[in-house]
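This report refers to the structure that appears directly beneath it.
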Amino acid sequence: MDLYEHQARELFAKHGILVPRAEVTASPERAREIARAFGGRAVVKAQVKTGGRGKAGGVRLAADPAAAGEAARRILGSDIKGHRVDTVMLAEPVDIEREFYVSYVLDRAAGRFLAVACAEGGTEIEEVAAERPEAVARIPVDPATGVTTATAVRIADAAGLPPQTVDTLVRLWRVLVREDALLVEVNPLVRTADGRTMALDGKVTLDDNALFRQTGWGDERAASADPLEARAEAKGLHYVRLDGEVGVVGNGAGLVMSTLDVVAGCGARPANFLDIGGGASARVMADGLSIVLSDPAVRSVLVNVFGGITACDAVADGIVRALEEIRPTKPIVVRLDGNNAARGRAVLDAHAHPLVEQATTMDGAARRAARLATAA
């Protein structure tokens, strides 16, 4: 479960990490009042669960209350990478001396966590990581011992962070452990002109498997629910919204994860993770495809199914049902293999929908879906 920035900041403050004063609103009029309470100036930030908000116009510095209200009016209702902005957060500006990047993320393959830190934070961190990977420190963290002060000093030294960040590194680890998080990220973590270390932005992903012991998550789950994710959950589907343009539907988490990797390797970005499950019916297939196609960021869809318990002809029936119900305008590439694959292909051939084409291999299907998405 991903949190909005304002929710992440609340967790940071709960664990003693400094954050600027801030308030969330859905009203331009209220935005003016909040800015006035901050002394006039405010940073107006779209509250959506995606990166790149600044470059998309979702973060604006307002010089006075009137400008804050106007910024809120422009941002509210806008679309950022397929995410509608329903609320904005106004934060009190701070005088920044330096920006850093720090995060803890679960490394599933290694069975441990990874501390990632860089002395150059801010909106260009992705470019820094791509062009100068040596500038980004990656320090393994044993979950049994965690981040002690000594470990935090090692992380800071490796990344070139000042000693004042050590306490924040320890506290961020506490956020991860005590809140059952899979990811805790601050970009930027800043040193202010008066020497304070503050988190100006935050990203936190909580582990849904820990819901049974995190009784305070009720409000967070409701407030953080992406509309498409909530719709999928209501239908019993495992769906996670991503930032790409190729919708992905598959049966089995392993197959779906592999499909995401293949799509990325073809030069496109997956728009979602959607696992319809091992015993999905035609109805489940239709529901899943409908949800993926309703994402405005999706430009093409890749359906990748290996028939086992789920027979491919049932999958094909579900695709046909979805086509009849929602009348899509985006191309769909289908790869069927395994149980009743020939029957499933025949069902789609007989329907002969102009937006549906078939591929015989996963690589071929991914290449075609990526080409359709990037050419759209």
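Chain labels follow the order of the structure tokens: the first chain is A, the next B, and so on; residue numbering restarts at 1 in every chain, and ligands are counted from 1 in their shown order.
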As a ChimeraX atom specification, which residues of segment 112-146 of chain A does DSSP assign to strand (DSSP E)? /A:112-118,136-141
Next, write the just-selected residues to a file, as a PDB file, in the first residue's frame, keeping N, CA and C atoms as the atom set.
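Okay, out_9.pdb is ready:
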```pdb
ATOM      1  N   ARG A 112      17.212  -9.148   2.305  1.00  0.00           N
ATOM      2  CA  ARG A 112      17.644  -8.100   3.237  1.00  0.00           C
ATOM      3  C   ARG A 112      17.133  -6.758   2.725  1.00  0.00           C
ATOM      4  N   PHE A 113      17.449  -5.704   3.453  1.00  0.00           N
ATOM      5  CA  PHE A 113      17.111  -4.363   3.003  1.00  0.00           C
ATOM      6  C   PHE A 113      18.353  -3.692   2.413  1.00  0.00           C
ATOM      7  N   LEU A 114      18.094  -2.660   1.640  1.00  0.00           N
ATOM      8  CA  LEU A 114      19.178  -1.921   1.016  1.00  0.00           C
ATOM      9  C   LEU A 114      19.008  -0.447   1.338  1.00  0.00           C
ATOM     10  N   ALA A 115      20.063   0.155   1.860  1.00  0.00           N
ATOM     11  CA  ALA A 115      20.080   1.602   2.054  1.00  0.00           C
ATOM     12  C   ALA A 115      20.648   2.232   0.797  1.00  0.00           C
ATOM     13  N   VAL A 116      19.929   3.185   0.240  1.00  0.00           N
ATOM     14  CA  VAL A 116      20.370   3.893  -0.966  1.00  0.00           C
ATOM     15  C   VAL A 116      20.459   5.375  -0.606  1.00  0.00           C
ATOM     16  N   ALA A 117      21.627   5.969  -0.838  1.00  0.00           N
ATOM     17  CA  ALA A 117      21.810   7.365  -0.438  1.00  0.00           C
ATOM     18  C   ALA A 117      22.716   8.077  -1.431  1.00  0.00           C
ATOM     19  N   CYS A 118      22.492   9.389  -1.539  1.00  0.00           N
ATOM     20  CA  CYS A 118      23.276  10.198  -2.467  1.00  0.00           C
ATOM     21  C   CYS A 118      23.363  11.617  -1.926  1.00  0.00           C
ATOM     22  N   VAL A 136      25.899   7.206  -6.166  1.00  0.00           N
ATOM     23  CA  VAL A 136      24.820   6.672  -5.331  1.00  0.00           C
ATOM     24  C   VAL A 136      25.345   5.487  -4.533  1.00  0.00           C
ATOM     25  N   ALA A 137      25.330   5.605  -3.214  1.00  0.00           N
ATOM     26  CA  ALA A 137      25.799   4.522  -2.344  1.00  0.00           C
ATOM     27  C   ALA A 137      24.680   3.525  -2.099  1.00  0.00           C
ATOM     28  N   ARG A 138      25.005   2.249  -2.169  1.00  0.00           N
ATOM     29  CA  ARG A 138      24.041   1.174  -1.900  1.00  0.00           C
ATOM     30  C   ARG A 138      24.644   0.272  -0.833  1.00  0.00           C
ATOM     31  N   ILE A 139      24.097   0.358   0.358  1.00  0.00           N
ATOM     32  CA  ILE A 139      24.653  -0.354   1.511  1.00  0.00           C
ATOM     33  C   ILE A 139      23.662  -1.411   1.982  1.00  0.00           C
ATOM     34  N   PRO A 140      24.023  -2.711   1.962  1.00  0.00           N
ATOM     35  CA  PRO A 140      23.120  -3.753   2.470  1.00  0.00           C
ATOM     36  C   PRO A 140      22.858  -3.573   3.966  1.00  0.00           C
ATOM     37  N   VAL A 141      21.635  -3.849   4.369  1.00  0.00           N
ATOM     38  CA  VAL A 141      21.255  -3.754   5.782  1.00  0.00           C
ATOM     39  C   VAL A 141      20.677  -5.096   6.215  1.00  0.00           C
TER      40      VAL A 141
END
```
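Every protein, DNA or RNA residue with an atom at most 12 Å from Thr360 of chain A, where only C-alpha atoms count and chain neighbours fewer than 2 positions away do not, is listed here: Val303, Asn304, Val305, Phe306, Val333, Val334, Arg335, Leu336, Asp337, Gly338, Ala341, Ala342, Arg345, Glu357, Gln358, Met362, Asp363, Gly364, Ala365, Ala366, Arg367 and Arg368 of chain A.
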Write the residues of the selection above to a file with C-alpha atoms, as a PDB file, in the first residue's frame.
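Saved the output as part.pdb:
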```
ATOM      1  CA  VAL A 303      -2.583 -10.163 -22.084  1.00  0.00           C
ATOM      2  CA  ASN A 304      -0.117 -12.955 -21.305  1.00  0.00           C
ATOM      3  CA  VAL A 305      -1.700 -16.200 -20.097  1.00  0.00           C
ATOM      4  CA  PHE A 306      -0.293 -19.667 -19.631  1.00  0.00           C
ATOM      5  CA  VAL A 333      -2.009  -7.989 -27.852  1.00  0.00           C
ATOM      6  CA  VAL A 334      -2.824 -11.492 -26.618  1.00  0.00           C
ATOM      7  CA  ARG A 335      -0.465 -14.398 -26.035  1.00  0.00           C
ATOM      8  CA  LEU A 336      -2.125 -17.673 -25.058  1.00  0.00           C
ATOM      9  CA  ASP A 337      -0.207 -20.861 -24.300  1.00  0.00           C
ATOM     10  CA  GLY A 338      -0.912 -24.078 -22.415  1.00  0.00           C
ATOM     11  CA  ALA A 341      -4.551 -22.568 -26.146  1.00  0.00           C
ATOM     12  CA  ALA A 342      -5.634 -23.560 -29.670  1.00  0.00           C
ATOM     13  CA  ARG A 345      -6.895 -18.559 -30.240  1.00  0.00           C
ATOM     14  CA  GLU A 357      -4.008  -9.230 -32.359  1.00  0.00           C
ATOM     15  CA  GLN A 358      -2.289 -12.399 -31.233  1.00  0.00           C
ATOM     16  CA  MET A 362       5.885 -13.688 -24.693  1.00  0.00           C
ATOM     17  CA  ASP A 363       8.837 -11.802 -26.198  1.00  0.00           C
ATOM     18  CA  GLY A 364       6.989 -11.236 -29.456  1.00  0.00           C
ATOM     19  CA  ALA A 365       3.834 -10.098 -27.671  1.00  0.00           C
ATOM     20  CA  ALA A 366       5.799  -7.693 -25.476  1.00  0.00           C
ATOM     21  CA  ARG A 367       7.657  -6.209 -28.435  1.00  0.00           C
ATOM     22  CA  ARG A 368       4.406  -5.627 -30.283  1.00  0.00           C
TER      23      ARG A 368
END
```
Go through segment 8-92 of chain A residue by residue and, counting only C-alpha atoms, keep those with an atom at most 8 Å from segment 191-212 of chain A; for each kept residue give the shortest atom pair and its distance in Å to one decimal, ordered by chain and increasing number, as CSV.
```
residue,atom,partner,partner_atom,distance
A:Ala8,CA,A:Gly202,CA,5.5
A:Arg9,CA,A:Gly202,CA,6.2
A:Ile17,CA,A:Met198,CA,7.0
A:Leu18,CA,A:Met198,CA,4.8
A:Val19,CA,A:Ala199,CA,5.2
A:Pro20,CA,A:Leu200,CA,6.9
```
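Nearest to Ala369 of chain A of all the residues A:Ala72, A:Leu289, A:Val170, A:Ala268 is A:Ala268, counting only C-alpha atoms.
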Select, from A:Gly146, A:Gly254, A:Gly307, A:Pro65, the residue with the minimum atom-to-atom distance to Val175 of chain A, counting only C-alpha atoms. A:Gly146
When DSSP is applied to the backbone of this structure, which of segment 298-355 of chain A are assigned helix (DSSP H, G or I)? Write them out as a ChimeraX atom specification. /A:312-326,341-351
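The shortest atom-to-atom distance to Gly82 of chain A, with only C-alpha atoms taken into account, belongs to A:Asp243 out of A:Glu131, A:Glu97, A:Glu324, A:Asp243.
Proximity ranking of A:His83, A:His351, A:Arg132, A:Arg343 relative to Pro296 of chain A places A:His83 first, based on only C-alpha atoms.
Residues within 7 Å of Ala286 of chain A, counting only C-alpha atoms and excluding same-chain residues fewer than 3 positions away, are Ala282, Arg283, Leu289, Ser290, Gly318, Ile319, Arg321 and Ala322 of chain A.
With only C-alpha atoms as the atoms that count, the residue of A:Asp2, A:Asp226, A:Asp142, A:Glu245 with the shortest distance to Asp86 of chain A is A:Asp226.
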Name the residues in contact with Ala271 of chain A at a cut-off of 7 Å, using only C-alpha atoms, excluding same-chain residues fewer than 6 positions from it; report them as a ChimeraX atom specification. /A:241-247,298
Write the residues you've just listed into a file as a PDB file, in the first residue's frame, and include all heavy atoms for each of them.
```
ATOM      1  N   ARG A 241      -1.175  -0.169  -9.617  1.00  0.00           N
ATOM      2  CA  ARG A 241      -0.997   0.821 -10.676  1.00  0.00           C
ATOM      3  C   ARG A 241       0.452   1.301 -10.716  1.00  0.00           C
ATOM      4  O   ARG A 241       1.047   1.615  -9.681  1.00  0.00           O
ATOM      5  CB  ARG A 241      -1.923   2.010 -10.435  1.00  0.00           C
ATOM      6  CG  ARG A 241      -2.104   2.911 -11.644  1.00  0.00           C
ATOM      7  CD  ARG A 241      -3.161   3.940 -11.341  1.00  0.00           C
ATOM      8  NE  ARG A 241      -3.545   4.700 -12.519  1.00  0.00           N
ATOM      9  CZ  ARG A 241      -4.484   5.630 -12.516  1.00  0.00           C
ATOM     10  NH1 ARG A 241      -5.133   5.907 -11.394  1.00  0.00           N
ATOM     11  NH2 ARG A 241      -4.792   6.291 -13.611  1.00  0.00           N
ATOM     12  N   LEU A 242       1.028   1.360 -11.909  1.00  0.00           N
ATOM     13  CA  LEU A 242       2.387   1.834 -12.116  1.00  0.00           C
ATOM     14  C   LEU A 242       2.369   3.079 -12.997  1.00  0.00           C
ATOM     15  O   LEU A 242       1.297   3.632 -13.263  1.00  0.00           O
ATOM     16  CB  LEU A 242       3.234   0.710 -12.739  1.00  0.00           C
ATOM     17  CG  LEU A 242       3.261  -0.604 -11.944  1.00  0.00           C
ATOM     18  CD1 LEU A 242       4.003  -1.685 -12.720  1.00  0.00           C
ATOM     19  CD2 LEU A 242       3.888  -0.396 -10.576  1.00  0.00           C
ATOM     20  N   ASP A 243       3.545   3.499 -13.471  1.00  0.00           N
ATOM     21  CA  ASP A 243       3.638   4.782 -14.168  1.00  0.00           C
ATOM     22  C   ASP A 243       3.813   4.661 -15.678  1.00  0.00           C
ATOM     23  O   ASP A 243       4.149   5.648 -16.335  1.00  0.00           O
ATOM     24  CB  ASP A 243       4.822   5.597 -13.614  1.00  0.00           C
ATOM     25  CG  ASP A 243       4.569   6.084 -12.200  1.00  0.00           C
ATOM     26  OD1 ASP A 243       3.390   6.193 -11.834  1.00  0.00           O
ATOM     27  OD2 ASP A 243       5.542   6.347 -11.486  1.00  0.00           O
ATOM     28  N   GLY A 244       3.572   3.480 -16.250  1.00  0.00           N
ATOM     29  CA  GLY A 244       3.862   3.297 -17.662  1.00  0.00           C
ATOM     30  C   GLY A 244       2.676   3.438 -18.580  1.00  0.00           C
ATOM     31  O   GLY A 244       1.626   3.978 -18.214  1.00  0.00           O
ATOM     32  N   GLU A 245       2.833   2.873 -19.796  1.00  0.00           N
ATOM     33  CA  GLU A 245       1.820   3.011 -20.825  1.00  0.00           C
ATOM     34  C   GLU A 245       1.333   1.678 -21.391  1.00  0.00           C
ATOM     35  O   GLU A 245       0.391   1.651 -22.170  1.00  0.00           O
ATOM     36  CB  GLU A 245       2.355   3.876 -21.975  1.00  0.00           C
ATOM     37  CG  GLU A 245       3.632   3.370 -22.633  1.00  0.00           C
ATOM     38  CD  GLU A 245       4.894   3.694 -21.872  1.00  0.00           C
ATOM     39  OE1 GLU A 245       4.901   4.674 -21.108  1.00  0.00           O
ATOM     40  OE2 GLU A 245       5.871   2.942 -22.030  1.00  0.00           O
ATOM     41  N   VAL A 246       1.954   0.561 -20.989  1.00  0.00           N
ATOM     42  CA  VAL A 246       1.523  -0.761 -21.446  1.00  0.00           C
ATOM     43  C   VAL A 246       0.784  -1.466 -20.309  1.00  0.00           C
ATOM     44  O   VAL A 246       1.374  -1.814 -19.292  1.00  0.00           O
ATOM     45  CB  VAL A 246       2.711  -1.627 -21.908  1.00  0.00           C
ATOM     46  CG1 VAL A 246       2.219  -3.023 -22.335  1.00  0.00           C
ATOM     47  CG2 VAL A 246       3.444  -0.964 -23.059  1.00  0.00           C
ATOM     48  N   GLY A 247      -0.516  -1.662 -20.480  1.00  0.00           N
ATOM     49  CA  GLY A 247      -1.280  -2.409 -19.494  1.00  0.00           C
ATOM     50  C   GLY A 247      -0.915  -3.886 -19.569  1.00  0.00           C
ATOM     51  O   GLY A 247      -0.727  -4.432 -20.659  1.00  0.00           O
ATOM     52  N   VAL A 298      -2.900   4.165 -20.156  1.00  0.00           N
ATOM     53  CA  VAL A 298      -2.630   2.964 -20.943  1.00  0.00           C
ATOM     54  C   VAL A 298      -2.811   3.256 -22.429  1.00  0.00           C
ATOM     55  O   VAL A 298      -3.832   3.798 -22.861  1.00  0.00           O
ATOM     56  CB  VAL A 298      -3.568   1.820 -20.510  1.00  0.00           C
ATOM     57  CG1 VAL A 298      -3.528   0.664 -21.503  1.00  0.00           C
ATOM     58  CG2 VAL A 298      -3.168   1.320 -19.128  1.00  0.00           C
TER      59      VAL A 298
END
```
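Taking only C-alpha atoms, the non-local environment of Gly344 of chain A within 6 Å (same-chain residues fewer than 4 positions away omitted) comprises Cys312, Asp313 and Ala316 of chain A.
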Just to be explicit: take each residue in the selection above, keep C-alpha atoms, and write the result as a compact mmCIF listing (two decimals), in the first residue's frame.
```txt
# COMPACT_ATOMS: atom_id res chain seq x y z
CA CYS A 312 -7.11 -20.41 -22.45
CA ASP A 313 -10.53 -20.68 -24.06
CA ALA A 316 -10.54 -15.77 -24.60
```
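One distance worth recording is that between atom CA of Arg299 of chain A and atom CA of Ala373 of chain A, which is 4.8 Å.
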One number please: atom CA of Phe273 of chain A to atom CA of Gly250 of chain A, in Å, one decimal. 8.5 Å
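Once Ala152 of chain A and its same-chain neighbours fewer than 6 positions away are set aside, Thr165, Val166, Asp167, Thr168, Leu169 and Val170 of chain A remain within 9 Å of it when counting only C-alpha atoms.
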Pick from A:Ala109, A:Val262, A:Ala230, A:Val320 nearest to Ile291 of chain A, counting only C-alpha atoms: A:Ala230
Show which residues sit within 6 Å of Pro188 of chain A, as a ChimeraX atom specification. Count only C-alpha atoms, and ignore same-chain residues fewer than 4 positions away. /A:99-101,121-122,200
Go ahead and dump the residues you just picked, N, CA, C and O atoms, as a compact mmCIF listing (two decimals), in the first residue's frame.
```txt
# COMPACT_ATOMS: atom_id res chain seq x y z
N GLU A 99 20.75 19.60 -0.69
CA GLU A 99 19.75 18.55 -0.85
C GLU A 99 20.42 17.18 -0.94
O GLU A 99 21.47 17.04 -1.58
N PHE A 100 19.79 16.18 -0.32
CA PHE A 100 20.30 14.81 -0.34
C PHE A 100 19.16 13.85 -0.69
O PHE A 100 17.98 14.22 -0.67
N TYR A 101 19.54 12.62 -0.97
CA TYR A 101 18.56 11.55 -1.22
C TYR A 101 18.88 10.39 -0.30
O TYR A 101 20.04 9.95 -0.20
N GLY A 121 20.46 15.19 -3.96
CA GLY A 121 19.05 14.87 -4.05
C GLY A 121 18.31 15.84 -4.94
O GLY A 121 18.91 16.67 -5.62
N GLY A 122 16.98 15.71 -4.96
CA GLY A 122 16.16 16.61 -5.75
C GLY A 122 15.61 15.95 -6.99
O GLY A 122 15.67 14.73 -7.16
N LEU A 200 11.73 17.10 3.14
CA LEU A 200 10.80 17.95 2.39
C LEU A 200 9.79 17.15 1.58
O LEU A 200 8.79 17.69 1.12
```
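Atom CA of Pro331 of chain A is found 11.4 Å from atom CA of Ala375 of chain A.
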